[in-house]
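upload-v6.pdb (PDB, C-alpha atoms)
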```pdb
ATOM      1  CA  MET A  57       2.363-128.188-167.650
ATOM      2  CA  ILE A  58      -1.062-128.912-169.124
ATOM      3  CA  ASP A  59      -1.455-128.407-172.866
ATOM      4  CA  LYS A  60      -4.638-126.310-172.998
ATOM      5  CA  ASN A  61      -5.305-127.247-176.628
ATOM      6  CA  LEU A  62      -5.275-130.959-175.779
ATOM      7  CA  LEU A  63      -7.519-130.320-172.787
ATOM      8  CA  ASP A  64      -9.914-128.383-175.009
ATOM      9  CA  ASP A  65      -9.921-131.291-177.503
ATOM     10  CA  ALA A  66     -10.680-133.731-174.688
ATOM     11  CA  LEU A  67     -13.492-131.547-173.357
ATOM     12  CA  ASN A  68     -14.938-131.175-176.848
ATOM     13  CA  PHE A  69     -15.047-134.970-177.129
ATOM     14  CA  VAL A  70     -16.709-135.212-173.711
ATOM     15  CA  ALA A  71     -19.362-132.789-174.973
ATOM     16  CA  TYR A  72     -19.706-134.726-178.240
ATOM     17  CA  ILE A  73     -20.307-138.095-176.549
ATOM     18  CA  ASP A  74     -23.096-136.542-174.485
ATOM     19  CA  ARG A  75     -25.129-136.987-177.682
ATOM     20  CA  LEU A  76     -25.269-140.726-176.924
ATOM     21  CA  LYS A  77     -27.900-139.908-174.296
ATOM     22  CA  SER A  78     -30.224-138.824-177.113
ATOM     23  CA  VAL A  79     -30.014-142.083-179.088
ATOM     24  CA  ILE A  80     -33.197-143.954-178.185
ATOM     25  CA  ARG A  81     -33.192-147.723-178.487
ATOM     26  CA  LYS A  82     -36.116-150.100-179.050
ATOM     27  CA  ASN A  83     -35.320-151.924-175.805
ATOM     28  CA  GLY A  84     -37.231-150.848-172.699
ATOM     29  CA  LEU A  85     -36.375-150.345-169.081
ATOM     30  CA  HIS A  86     -37.136-153.219-166.740
ATOM     31  CA  ASP A  87     -40.058-151.300-165.242
ATOM     32  CA  ASN A  88     -41.643-151.023-168.731
ATOM     33  CA  SER A  89     -41.925-147.228-168.360
ATOM     34  CA  ARG A  90     -39.997-146.164-171.472
ATOM     35  CA  ALA A  91     -37.338-147.068-174.009
ATOM     36  CA  GLU A  92     -33.735-146.829-172.859
ATOM     37  CA  ASN A  93     -31.117-144.627-174.468
ATOM     38  CA  THR A  94     -27.776-145.927-175.665
ATOM     39  CA  ALA A  95     -25.767-144.229-172.916
ATOM     40  CA  GLU A  96     -27.893-146.053-170.339
ATOM     41  CA  HIS A  97     -27.355-149.311-172.182
ATOM     42  CA  SER A  98     -23.570-148.839-172.297
ATOM     43  CA  TRP A  99     -23.399-148.045-168.569
ATOM     44  CA  HIS A 100     -25.651-150.996-167.724
ATOM     45  CA  ALA A 101     -23.564-153.352-169.858
ATOM     46  CA  ALA A 102     -20.264-152.201-168.330
ATOM     47  CA  LEU A 103     -21.460-152.564-164.746
ATOM     48  CA  SER A 104     -23.200-155.866-165.511
ATOM     49  CA  ALA A 105     -19.924-157.229-166.913
ATOM     50  CA  LEU A 106     -18.214-156.458-163.593
ATOM     51  CA  ILE A 107     -20.933-158.337-161.711
ATOM     52  CA  LEU A 108     -21.141-161.266-164.139
ATOM     53  CA  ALA A 109     -17.395-161.706-164.803
ATOM     54  CA  PRO A 110     -17.231-164.976-162.811
ATOM     55  CA  TYR A 111     -19.519-166.513-165.445
ATOM     56  CA  ALA A 112     -17.267-165.826-168.434
ATOM     57  CA  ASN A 113     -16.156-168.972-170.258
ATOM     58  CA  PHE A 114     -12.504-167.919-170.029
ATOM     59  CA  PRO A 115     -10.470-165.755-167.675
ATOM     60  CA  VAL A 116     -10.890-162.170-168.885
ATOM     61  CA  GLU A 117      -9.263-158.819-168.169
ATOM     62  CA  ILE A 118     -12.457-157.338-166.769
ATOM     63  CA  ASP A 119     -11.187-153.753-166.921
ATOM     64  CA  LYS A 120     -10.698-154.233-170.675
ATOM     65  CA  VAL A 121     -14.207-155.702-171.015
ATOM     66  CA  VAL A 122     -15.636-152.687-169.171
ATOM     67  CA  ARG A 123     -13.731-150.246-171.390
ATOM     68  CA  MET A 124     -14.906-152.145-174.462
ATOM     69  CA  LEU A 125     -18.535-151.936-173.353
ATOM     70  CA  LEU A 126     -18.253-148.228-172.600
ATOM     71  CA  VAL A 127     -16.907-147.632-176.130
ATOM     72  CA  HIS A 128     -18.817-150.224-178.170
ATOM     73  CA  ASP A 129     -21.866-148.111-178.979
ATOM     74  CA  LEU A 130     -20.265-144.672-179.362
ATOM     75  CA  ILE A 131     -20.747-145.074-183.100
ATOM     76  CA  GLU A 132     -24.504-144.826-182.552
ATOM     77  CA  ILE A 133     -23.984-141.072-182.143
ATOM     78  CA  GLU A 134     -23.595-141.006-185.933
ATOM     79  CA  ALA A 135     -25.173-144.278-187.103
ATOM     80  CA  GLY A 136     -28.103-144.490-184.706
ATOM     81  CA  ASP A 137     -29.242-147.736-183.108
ATOM     82  CA  THR A 138     -30.014-150.597-185.471
ATOM     83  CA  PHE A 139     -32.793-152.792-184.120
ATOM     84  CA  VAL A 140     -31.486-156.358-184.401
ATOM     85  CA  TYR A 141     -34.876-157.662-185.569
ATOM     86  CA  ASP A 142     -35.093-155.227-188.489
ATOM     87  CA  ALA A 143     -33.660-157.492-191.205
ATOM     88  CA  GLU A 144     -33.476-154.761-193.839
ATOM     89  CA  LYS A 145     -31.545-152.294-191.675
ATOM     90  CA  VAL A 146     -29.227-155.005-190.322
ATOM     91  CA  THR A 147     -27.967-155.652-193.877
ATOM     92  CA  LEU A 148     -26.758-152.024-194.024
ATOM     93  CA  GLN A 149     -25.426-151.920-190.473
ATOM     94  CA  ASP A 150     -21.770-152.934-190.930
ATOM     95  CA  GLU A 151     -21.001-150.369-193.597
ATOM     96  CA  ALA A 152     -22.838-147.586-191.755
ATOM     97  CA  GLU A 153     -21.097-148.379-188.484
ATOM     98  CA  LEU A 154     -17.629-148.450-190.066
ATOM     99  CA  ARG A 155     -18.216-144.982-191.519
ATOM    100  CA  ALA A 156     -19.565-143.809-188.172
ATOM    101  CA  ALA A 157     -16.547-145.199-186.304
ATOM    102  CA  ASP A 158     -14.182-143.272-188.566
ATOM    103  CA  LEU A 159     -16.106-140.094-187.834
ATOM    104  CA  VAL A 160     -16.579-140.608-184.097
ATOM    105  CA  PHE A 161     -12.956-141.401-183.347
ATOM    106  CA  SER A 162     -11.736-138.562-185.576
ATOM    107  CA  HIS A 163     -12.973-136.197-182.858
ATOM    108  CA  LEU A 164      -9.976-137.156-180.718
ATOM    109  CA  PRO A 165      -6.230-136.714-181.202
ATOM    110  CA  ALA A 166      -4.697-139.862-182.695
ATOM    111  CA  ASP A 167      -2.957-140.918-179.472
ATOM    112  CA  GLN A 168      -6.328-141.040-177.712
ATOM    113  CA  ALA A 169      -8.429-142.167-180.648
ATOM    114  CA  GLN A 170      -6.285-145.183-181.549
ATOM    115  CA  PRO A 171      -6.738-147.177-178.301
ATOM    116  CA  LEU A 172     -10.478-146.498-178.243
ATOM    117  CA  ARG A 173     -10.859-147.480-181.896
ATOM    118  CA  ALA A 174      -8.822-150.635-181.193
ATOM    119  CA  LEU A 175     -11.275-151.577-178.432
ATOM    120  CA  TRP A 176     -14.203-151.010-180.796
ATOM    121  CA  ASP A 177     -12.567-153.076-183.543
ATOM    122  CA  GLU A 178     -11.790-155.888-181.085
ATOM    123  CA  PHE A 179     -15.392-155.930-179.855
ATOM    124  CA  GLU A 180     -16.697-156.124-183.421
ATOM    125  CA  ALA A 181     -14.271-158.938-184.398
ATOM    126  CA  ARG A 182     -15.333-161.086-181.404
ATOM    127  CA  GLN A 183     -12.111-163.130-181.422
ATOM    128  CA  THR A 184     -10.616-162.506-177.963
ATOM    129  CA  PRO A 185     -12.044-163.814-174.668
ATOM    130  CA  GLU A 186     -12.768-160.208-173.654
ATOM    131  CA  ALA A 187     -14.653-159.443-176.871
ATOM    132  CA  LYS A 188     -16.640-162.671-176.673
ATOM    133  CA  PHE A 189     -17.665-161.949-173.093
ATOM    134  CA  ALA A 190     -18.456-158.297-173.850
ATOM    135  CA  LYS A 191     -20.649-159.365-176.781
ATOM    136  CA  ALA A 192     -22.349-161.963-174.584
ATOM    137  CA  ILE A 193     -23.271-159.236-172.100
ATOM    138  CA  ASP A 194     -24.402-156.930-174.915
ATOM    139  CA  ARG A 195     -26.743-159.588-176.330
ATOM    140  CA  PHE A 196     -27.928-160.931-172.970
ATOM    141  CA  LEU A 197     -29.137-157.634-171.506
ATOM    142  CA  PRO A 198     -31.849-156.802-174.082
ATOM    143  CA  LEU A 199     -33.157-160.363-173.832
ATOM    144  CA  TYR A 200     -33.157-160.117-170.030
ATOM    145  CA  SER A 201     -34.913-156.740-170.173
ATOM    146  CA  ASN A 202     -37.634-158.162-172.405
ATOM    147  CA  THR A 203     -38.277-160.950-169.907
ATOM    148  CA  ARG A 204     -38.590-158.357-167.133
ATOM    149  CA  ASN A 205     -40.780-155.871-169.040
ATOM    150  CA  ASN A 206     -43.203-158.275-170.738
ATOM    151  CA  GLY A 207     -41.611-158.161-174.177
ATOM    152  CA  PHE A 208     -41.353-154.365-174.515
ATOM    153  CA  SER A 209     -39.412-154.548-177.785
ATOM    154  CA  TRP A 210     -40.602-157.985-178.900
ATOM    155  CA  ALA A 211     -44.376-157.568-178.930
ATOM    156  CA  PRO A 212     -44.673-154.533-181.263
ATOM    157  CA  TYR A 213     -42.563-156.317-183.885
ATOM    158  CA  ASP A 214     -44.073-159.800-183.472
ATOM    159  CA  VAL A 215     -40.654-161.271-182.668
ATOM    160  CA  SER A 216     -40.446-165.074-182.452
ATOM    161  CA  ALA A 217     -38.430-167.343-180.199
ATOM    162  CA  LYS A 218     -36.564-168.538-183.289
ATOM    163  CA  GLN A 219     -35.492-164.971-184.084
ATOM    164  CA  VAL A 220     -34.358-164.355-180.506
ATOM    165  CA  ARG A 221     -32.326-167.567-180.466
ATOM    166  CA  HIS A 222     -30.749-166.651-183.798
ATOM    167  CA  ILE A 223     -29.710-163.193-182.528
ATOM    168  CA  THR A 224     -28.620-164.286-179.055
ATOM    169  CA  HIS A 225     -26.944-167.669-179.614
ATOM    170  CA  ILE A 226     -23.533-165.946-179.604
ATOM    171  CA  ILE A 227     -23.966-165.449-175.859
ATOM    172  CA  GLN A 228     -22.680-169.010-175.486
ATOM    173  CA  ASP A 229     -19.310-168.014-176.986
ATOM    174  CA  GLY A 230     -18.660-165.750-174.005
ATOM    175  CA  SER A 231     -20.693-167.346-171.229
ATOM    176  CA  SER A 232     -22.270-170.790-171.276
ATOM    177  CA  ALA A 233     -23.930-170.004-167.945
ATOM    178  CA  LEU A 234     -25.662-166.921-169.348
ATOM    179  CA  TRP A 235     -26.688-168.824-172.466
ATOM    180  CA  GLU A 236     -28.275-171.550-170.325
ATOM    181  CA  LYS A 237     -30.253-168.842-168.497
ATOM    182  CA  ALA A 238     -31.137-167.171-171.803
ATOM    183  CA  GLU A 239     -32.580-170.361-173.273
ATOM    184  CA  LYS A 240     -34.789-170.818-170.216
ATOM    185  CA  MET A 241     -35.873-167.169-170.377
ATOM    186  CA  ILE A 242     -36.852-167.568-174.030
ATOM    187  CA  ASP A 243     -38.929-170.666-173.244
ATOM    188  CA  ASP A 244     -40.583-168.907-170.293
ATOM    189  CA  ALA A 245     -41.358-165.824-172.434
ATOM    190  CA  VAL A 246     -43.120-168.022-174.981
ATOM    191  CA  GLU A 247     -45.092-169.745-172.241
ATOM    192  CA  GLN A 248     -46.111-166.368-170.767
ATOM    193  CA  GLY A 249     -47.200-165.043-174.173
ATOM    194  CA  HIS A 250     -44.533-162.310-174.389
ATOM    195  CA  LEU A 251     -42.770-163.957-177.324
ATOM    196  CA  ARG A 252     -44.183-165.718-180.353
ATOM    197  CA  PRO A 253     -43.219-169.434-180.530
TER     198      PRO A 253
END
```
As structure tokens - that is how I would like this structure written.
Amino acid sequence: MIDKNLLDDALNFVAYIDRLKSVIRKNGLHDNSRAENTAEHSWHAALSALILAPYANFPVEIDKVVRMLLVHDLIEIEAGDTFVYDAEKVTLQDEAELRAADLVFSHLPADQAQPLRALWDEFEARQTPEAKFAKAIDRFLPLYSNTRNNGFSWAPYDVSAKQVRHITHIIQDGSSALWEKAEKMIDDAVEQGHLRP
């Protein structure tokens, strides 16, 4: 028999996470038409991980990577998206996101909240092969988007190649193949004038 209270709790959480669609990121769509929202980013990252799994540095449980990527930005419902090139806001990010995680996962019963929170914590710690690969995907996609949309989120903030390398170098921890591509993309973006040297 279905516990209607638990079902109602689950449905309330489903309604709550719909708010992720309203969190607008600085990163743009590949067609340069608009900024993406965080729900779109999470979906894109999860599906991209499935496609790019053969390029992970280590064997990974891809279903776990996908779950991690679907959960990793839920905290933006409460904390918003922190633009990685905003040095001032990045210094406040960890504390804000920890508070947000406590709040977000409190919307679920403990037996459902705990495994999701564990995935989020694992992603943030970046110690396991799955977390390293998930983070590689998460950092690669905005870079890739910027090379497809002429620096949508780089140009307005005068972002340099040095800054991009600093933010994205952790790609290599999860996928050397993606990092090799990323380095070439950064060089090409500078050459094309979409990224400051």
Could you list the residues chosen by the PyMOL selection byres ((chain A and resi 94) around 7) in this structure as a PDB file with C-alpha atoms, in the coordinates of the input?
```
ATOM      1  CA  LEU A  76     -25.269-140.726-176.924  1.00  0.00           C
ATOM      2  CA  LYS A  77     -27.900-139.908-174.296  1.00  0.00           C
ATOM      3  CA  VAL A  79     -30.014-142.083-179.088  1.00  0.00           C
ATOM      4  CA  ILE A  80     -33.197-143.954-178.185  1.00  0.00           C
ATOM      5  CA  ARG A  81     -33.192-147.723-178.487  1.00  0.00           C
ATOM      6  CA  GLU A  92     -33.735-146.829-172.859  1.00  0.00           C
ATOM      7  CA  ASN A  93     -31.117-144.627-174.468  1.00  0.00           C
ATOM      8  CA  ALA A  95     -25.767-144.229-172.916  1.00  0.00           C
ATOM      9  CA  GLU A  96     -27.893-146.053-170.339  1.00  0.00           C
ATOM     10  CA  HIS A  97     -27.355-149.311-172.182  1.00  0.00           C
ATOM     11  CA  SER A  98     -23.570-148.839-172.297  1.00  0.00           C
TER      12      SER A  98
END
```
With only C-alpha atoms as the counted atoms, please give the residues lying no more than 8 Å from Leu172 in chain A, apart from itself and same-chain residues fewer than 4 positions off, as a PDB file with C-alpha atoms, in the coordinates of the input.
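Everything below was put into around.pdb:
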```
ATOM      1  CA  VAL A 127     -16.907-147.632-176.130  1.00  0.00           C
ATOM      2  CA  PHE A 161     -12.956-141.401-183.347  1.00  0.00           C
ATOM      3  CA  GLN A 168      -6.328-141.040-177.712  1.00  0.00           C
ATOM      4  CA  TRP A 176     -14.203-151.010-180.796  1.00  0.00           C
TER       5      TRP A 176
END
```
Would you mind listing what lies within 7 Å of Leu164 in chain A as a ChimeraX atom specification, with all atoms listed in the file counted and same-chain residues fewer than 6 positions away left out? /A:65-66,69
Tell me which residues come within 10 Å of (-32.4, -155.3, -173.9), as JSON, numbers by chain, counting only C-alpha atoms in the file's coordinates. {"A": [81, 82, 83, 84, 85, 86, 91, 92, 97, 101, 194, 195, 196, 197, 198, 199, 200, 201, 202, 203, 204, 205, 207, 208, 209, 210]}
Go ahead and write the residues just picked, C-alpha atoms, as an mmCIF file, in the coordinates of the input.
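Result file is again_28.cif:
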```
data_model
loop_
_atom_site.group_PDB
_atom_site.id
_atom_site.type_symbol
_atom_site.label_atom_id
_atom_site.label_comp_id
_atom_site.auth_asym_id
_atom_site.auth_seq_id
_atom_site.Cartn_x
_atom_site.Cartn_y
_atom_site.Cartn_z
ATOM 1 C CA ARG A 81 -33.192 -147.723 -178.487
ATOM 2 C CA LYS A 82 -36.116 -150.100 -179.050
ATOM 3 C CA ASN A 83 -35.320 -151.924 -175.805
ATOM 4 C CA GLY A 84 -37.231 -150.848 -172.699
ATOM 5 C CA LEU A 85 -36.375 -150.345 -169.081
ATOM 6 C CA HIS A 86 -37.136 -153.219 -166.740
ATOM 7 C CA ALA A 91 -37.338 -147.068 -174.009
ATOM 8 C CA GLU A 92 -33.735 -146.829 -172.859
ATOM 9 C CA HIS A 97 -27.355 -149.311 -172.182
ATOM 10 C CA ALA A 101 -23.564 -153.352 -169.858
ATOM 11 C CA ASP A 194 -24.402 -156.930 -174.915
ATOM 12 C CA ARG A 195 -26.743 -159.588 -176.330
ATOM 13 C CA PHE A 196 -27.928 -160.931 -172.970
ATOM 14 C CA LEU A 197 -29.137 -157.634 -171.506
ATOM 15 C CA PRO A 198 -31.849 -156.802 -174.082
ATOM 16 C CA LEU A 199 -33.157 -160.363 -173.832
ATOM 17 C CA TYR A 200 -33.157 -160.117 -170.030
ATOM 18 C CA SER A 201 -34.913 -156.740 -170.173
ATOM 19 C CA ASN A 202 -37.634 -158.162 -172.405
ATOM 20 C CA THR A 203 -38.277 -160.950 -169.907
ATOM 21 C CA ARG A 204 -38.590 -158.357 -167.133
ATOM 22 C CA ASN A 205 -40.780 -155.871 -169.040
ATOM 23 C CA GLY A 207 -41.611 -158.161 -174.177
ATOM 24 C CA PHE A 208 -41.353 -154.365 -174.515
ATOM 25 C CA SER A 209 -39.412 -154.548 -177.785
ATOM 26 C CA TRP A 210 -40.602 -157.985 -178.900
#
```
Emit as AutoDock Vina command-line options the padded axis-aligned box for all listed atoms of range 68-87 of chain A, 5 Å per side, with centre and edge lengths in Å to one decimal.
```
--center_x -27.5 --center_y -142.2 --center_z -172.2 --size_x 35.1 --size_y 32.0 --size_z 23.8
```
Taking the file above as input, evaluate the PyMOL selection byres ((chain A and resi 130) around 8) and report the hits as a VMD selection string. chain A and resid 73 76 126 to 129 131 to 133 157 160
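The space separating CA of Glu178 in chain A from CA of Ala233 in chain A comes to 22.8 Å.
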